[in-house]
Amino acid sequence: LKLEGAFVVGSDGVHSATRDWLSLPAAVKTGSNVFRGNLLVDSEENVLYPLLSQGIVPLHGMFKGVYFMCFNFNSKVPGKLAWVISTTQARHDGMSAISAIEGKIDDEDKRNTVMELLSQSDPSHLAPYPETSVLQTEVVESCGWGGKGRVTLIGDAAHAMRPTDGQGGNMALEDAVVLCRALREKTTIEEALRWFETTRLPRIVKIHADQADRYARRMRREQVGPWSDEFKKWVHDGI
């Protein structure tokens, strides 16, 4: 197979072959196991129906070292609830979302709601995702973006971060927007790619560090509040 093009954009994820070809440090396992699932609540008689009217995140919390969050998926998909579990428990045969959180929630109402969410999910959603791997913030900051010539990276290939607040996906979308802007405005491809990388790096480092810090504090069972108004505005103002 032979492919020809003007330049290469490595958007091949956390275990990026493009990143490896550029001789950049690889992502490392974090010791975290993550479960993700979703379900459709299409009847008012469903015991989970009240969650649909309780905001974007109707239920979340740290329960004895296990983080759980349920959220309303998207207003364009009425009735869709999604959930995520994150734990540092050692992976073992037969590990599931249920076994990861079972016995961890003292509050009876929350415990019943979480178990109901899991029981109504497709059984395939209860299996753990591959163990989380990320690039350390220090690596992202010290190595820079890492592109050269007519090769660059976007998304997890460039800056895989903790899946704390969904910022990994957001940053990948921002990458694509800024890269298109660079290619439209700069004279040469090389100039566009380097401008894209140097423009993106400070914002990525700041958000990368924030996500790592918030995750670490949650795993220490510390109370992690919302972003400050100033930081939230900076994130939301975007690019």
# chains A, B, ... in the order shown; residues from 1 in each chain; ligands from 1
>>> select_by_dssp(residues="range 45-199 of chain A", states="strand (DSSP E)", output="MDAnalysis selection string")
chainID A and resid 59:63 66:72 80:87 133:134 151:153
>>> residues_around(residues="Asp175 in chain A", least_positions_apart="3", cutoff="10 Å", atoms="only C-alpha atoms", output="list in words")
Leu153, Ile154, Gly155, Ala158, Gly169, Asn170, Met171, Ala172, Val178, Leu179, Cys180, Arg181, Phe196, Glu197, Thr199, Arg200, Ile204 and Ile239 of chain A
>>> write_last_selection(atoms="C-alpha atoms", output="compact mmCIF listing (two decimals), in the first residue's frame")
# COMPACT_ATOMS: atom_id res chain seq x y z
CA LEU A 153 0.08 15.27 15.94
CA ILE A 154 -3.39 16.03 17.24
CA GLY A 155 -5.59 14.71 20.03
CA ALA A 158 -0.09 14.66 21.12
CA GLY A 169 -12.03 15.05 23.42
CA ASN A 170 -12.58 18.79 23.64
CA MET A 171 -8.89 19.50 23.11
CA ALA A 172 -8.77 17.22 20.07
CA VAL A 178 -6.56 25.57 15.00
CA LEU A 179 -4.77 23.30 12.51
CA CYS A 180 -7.25 24.22 9.78
CA ARG A 181 -6.80 27.89 10.66
CA PHE A 196 -0.19 25.30 15.15
CA GLU A 197 2.00 23.44 17.66
CA THR A 199 -0.02 28.11 19.57
CA ARG A 200 -1.69 25.07 21.08
CA ILE A 204 -2.86 22.15 26.40
CA ILE A 239 -9.70 29.34 20.78
>>> closest_residue(among="A:Glu141, A:Asp107, A:Asp165, A:Glu4", to="Val57 in chain A", atoms="only C-alpha atoms")
A:Asp165
>>> select_by_dssp(residues="range 13-147 of chain A", states="alpha helix (DSSP H)", output="ChimeraX atom specification")
/A:17-21,97-101,108-119,137-143
>>> write_last_selection(atoms="N, CA and C atoms", output="short mmCIF file (atom, residue, chain, number, x, y, z; two decimals), in the first residue's frame")
data_model
loop_
_atom_site.label_atom_id
_atom_site.label_comp_id
_atom_site.auth_asym_id
_atom_site.auth_seq_id
_atom_site.Cartn_x
_atom_site.Cartn_y
_atom_site.Cartn_z
N ALA A 17 1.27 5.36 16.55
CA ALA A 17 2.43 4.92 15.78
C ALA A 17 3.20 6.13 15.25
N THR A 18 2.47 7.20 14.95
CA THR A 18 3.13 8.42 14.47
C THR A 18 4.01 9.01 15.56
N ARG A 19 3.51 9.02 16.77
CA ARG A 19 4.30 9.52 17.91
C ARG A 19 5.55 8.67 18.09
N ASP A 20 5.41 7.38 17.96
CA ASP A 20 6.56 6.47 18.07
C ASP A 20 7.57 6.76 16.96
N TRP A 21 7.09 6.99 15.74
CA TRP A 21 7.98 7.28 14.61
C TRP A 21 8.76 8.57 14.86
N ALA A 97 -18.13 -3.47 36.24
CA ALA A 97 -18.57 -2.22 36.85
C ALA A 97 -19.29 -2.49 38.16
N ILE A 98 -20.06 -3.57 38.19
CA ILE A 98 -20.80 -3.90 39.41
C ILE A 98 -19.85 -4.29 40.53
N SER A 99 -18.89 -5.15 40.25
CA SER A 99 -17.96 -5.58 41.30
C SER A 99 -17.08 -4.43 41.76
N ALA A 100 -16.80 -3.47 40.86
CA ALA A 100 -15.93 -2.34 41.22
C ALA A 100 -16.58 -1.42 42.24
N ILE A 101 -17.90 -1.28 42.18
CA ILE A 101 -18.56 -0.30 43.05
C ILE A 101 -19.44 -0.95 44.11
N GLU A 108 -28.19 4.70 50.93
CA GLU A 108 -29.04 3.68 50.31
C GLU A 108 -29.68 4.16 49.01
N ASP A 109 -30.17 5.40 48.98
CA ASP A 109 -30.81 5.90 47.77
C ASP A 109 -29.82 5.98 46.61
N LYS A 110 -28.63 6.51 46.88
CA LYS A 110 -27.61 6.59 45.82
C LYS A 110 -27.18 5.19 45.38
N ARG A 111 -27.01 4.30 46.36
CA ARG A 111 -26.60 2.93 46.02
C ARG A 111 -27.64 2.27 45.11
N ASN A 112 -28.91 2.41 45.45
CA ASN A 112 -29.96 1.79 44.65
C ASN A 112 -30.02 2.38 43.24
N THR A 113 -29.81 3.70 43.15
CA THR A 113 -29.85 4.36 41.84
C THR A 113 -28.69 3.90 40.97
N VAL A 114 -27.49 3.86 41.55
CA VAL A 114 -26.32 3.41 40.78
C VAL A 114 -26.50 1.97 40.31
N MET A 115 -26.93 1.09 41.19
CA MET A 115 -27.09 -0.31 40.81
C MET A 115 -28.18 -0.47 39.76
N GLU A 116 -29.20 0.38 39.82
CA GLU A 116 -30.25 0.33 38.80
C GLU A 116 -29.72 0.78 37.45
N LEU A 117 -28.91 1.83 37.45
CA LEU A 117 -28.27 2.28 36.21
C LEU A 117 -27.45 1.16 35.58
N LEU A 118 -26.70 0.46 36.40
CA LEU A 118 -25.86 -0.62 35.88
C LEU A 118 -26.70 -1.80 35.41
N SER A 119 -27.73 -2.13 36.15
CA SER A 119 -28.53 -3.31 35.79
C SER A 119 -29.32 -3.08 34.51
N THR A 137 2.11 15.29 32.37
CA THR A 137 2.14 16.72 32.05
C THR A 137 3.56 17.20 31.82
N GLU A 138 4.50 16.70 32.64
CA GLU A 138 5.90 17.13 32.50
C GLU A 138 6.45 16.75 31.13
N VAL A 139 6.02 15.61 30.60
CA VAL A 139 6.48 15.17 29.27
C VAL A 139 5.93 16.09 28.19
N VAL A 140 4.64 16.40 28.29
CA VAL A 140 4.03 17.29 27.31
C VAL A 140 4.71 18.65 27.31
N GLU A 141 5.01 19.15 28.52
CA GLU A 141 5.60 20.48 28.65
C GLU A 141 7.06 20.49 28.20
N SER A 142 7.83 19.46 28.60
CA SER A 142 9.27 19.48 28.32
C SER A 142 9.60 19.08 26.88
N CYS A 143 8.84 18.16 26.32
CA CYS A 143 9.14 17.70 24.96
C CYS A 143 8.50 18.57 23.89
#
>>> residues_around(residues="Arg162 in chain A", least_positions_apart="2", cutoff="9 Å", atoms="only C-alpha atoms", output="list in words")
Thr30, Thr132, Ser133, Val134, Leu135, Ala160, Thr164, Asp165, Gly166, Gln167, Gly168, His208, Gln211, Ala212 and Tyr215 of chain A
>>> write_last_selection(atoms="N, CA, C and O atoms", output="JSON list (two decimals), in the first residue's frame")
[["chain", "number", "residue", "atom", "x", "y", "z"],
["A", 30, "THR", "N", -1.70, 4.24, 34.04],
["A", 30, "THR", "CA", -1.93, 5.02, 35.25],
["A", 30, "THR", "C", -2.33, 4.17, 36.44],
["A", 30, "THR", "O", -2.39, 4.67, 37.57],
["A", 132, "THR", "N", -6.23, 2.71, 31.56],
["A", 132, "THR", "CA", -5.98, 4.08, 31.13],
["A", 132, "THR", "C", -4.48, 4.36, 31.00],
["A", 132, "THR", "O", -3.70, 4.07, 31.91],
["A", 133, "SER", "N", -4.09, 4.93, 29.88],
["A", 133, "SER", "CA", -2.72, 5.39, 29.67],
["A", 133, "SER", "C", -2.74, 6.88, 29.33],
["A", 133, "SER", "O", -3.63, 7.33, 28.61],
["A", 134, "VAL", "N", -1.79, 7.62, 29.85],
["A", 134, "VAL", "CA", -1.72, 9.06, 29.58],
["A", 134, "VAL", "C", -0.27, 9.47, 29.38],
["A", 134, "VAL", "O", 0.66, 8.72, 29.71],
["A", 135, "LEU", "N", -0.09, 10.66, 28.86],
["A", 135, "LEU", "CA", 1.22, 11.30, 28.85],
["A", 135, "LEU", "C", 1.31, 12.17, 30.09],
["A", 135, "LEU", "O", 0.36, 12.88, 30.43],
["A", 160, "ALA", "N", -2.35, 12.96, 25.37],
["A", 160, "ALA", "CA", -3.30, 12.11, 26.10],
["A", 160, "ALA", "C", -3.35, 12.52, 27.57],
["A", 160, "ALA", "O", -2.32, 12.56, 28.25],
["A", 164, "THR", "N", -10.80, 13.12, 33.14],
["A", 164, "THR", "CA", -11.45, 13.64, 34.35],
["A", 164, "THR", "C", -12.74, 14.36, 34.04],
["A", 164, "THR", "O", -13.78, 14.09, 34.62],
["A", 165, "ASP", "N", -12.69, 15.32, 33.13],
["A", 165, "ASP", "CA", -13.86, 16.13, 32.82],
["A", 165, "ASP", "C", -14.16, 16.15, 31.32],
["A", 165, "ASP", "O", -14.75, 17.10, 30.82],
["A", 166, "GLY", "N", -13.71, 15.15, 30.60],
["A", 166, "GLY", "CA", -13.99, 15.10, 29.18],
["A", 166, "GLY", "C", -13.18, 16.06, 28.34],
["A", 166, "GLY", "O", -13.50, 16.32, 27.17],
["A", 167, "GLN", "N", -12.09, 16.59, 28.91],
["A", 167, "GLN", "CA", -11.32, 17.60, 28.19],
["A", 167, "GLN", "C", -10.44, 17.03, 27.08],
["A", 167, "GLN", "O", -10.05, 17.76, 26.17],
["A", 168, "GLY", "N", -10.13, 15.74, 27.14],
["A", 168, "GLY", "CA", -9.32, 15.14, 26.07],
["A", 168, "GLY", "C", -10.00, 15.28, 24.72],
["A", 168, "GLY", "O", -9.39, 15.70, 23.73],
["A", 208, "HIS", "N", -4.11, 20.14, 30.73],
["A", 208, "HIS", "CA", -3.55, 18.83, 31.07],
["A", 208, "HIS", "C", -3.23, 18.77, 32.57],
["A", 208, "HIS", "O", -3.58, 17.80, 33.26],
["A", 211, "GLN", "N", -6.45, 18.71, 34.72],
["A", 211, "GLN", "CA", -7.13, 17.42, 34.73],
["A", 211, "GLN", "C", -6.39, 16.39, 35.59],
["A", 211, "GLN", "O", -7.00, 15.61, 36.32],
["A", 212, "ALA", "N", -5.07, 16.42, 35.55],
["A", 212, "ALA", "CA", -4.28, 15.51, 36.39],
["A", 212, "ALA", "C", -4.47, 15.82, 37.86],
["A", 212, "ALA", "O", -4.62, 14.92, 38.70],
["A", 215, "TYR", "N", -8.02, 14.82, 39.07],
["A", 215, "TYR", "CA", -8.13, 13.36, 39.20],
["A", 215, "TYR", "C", -7.42, 12.88, 40.46],
["A", 215, "TYR", "O", -7.95, 12.06, 41.22]]
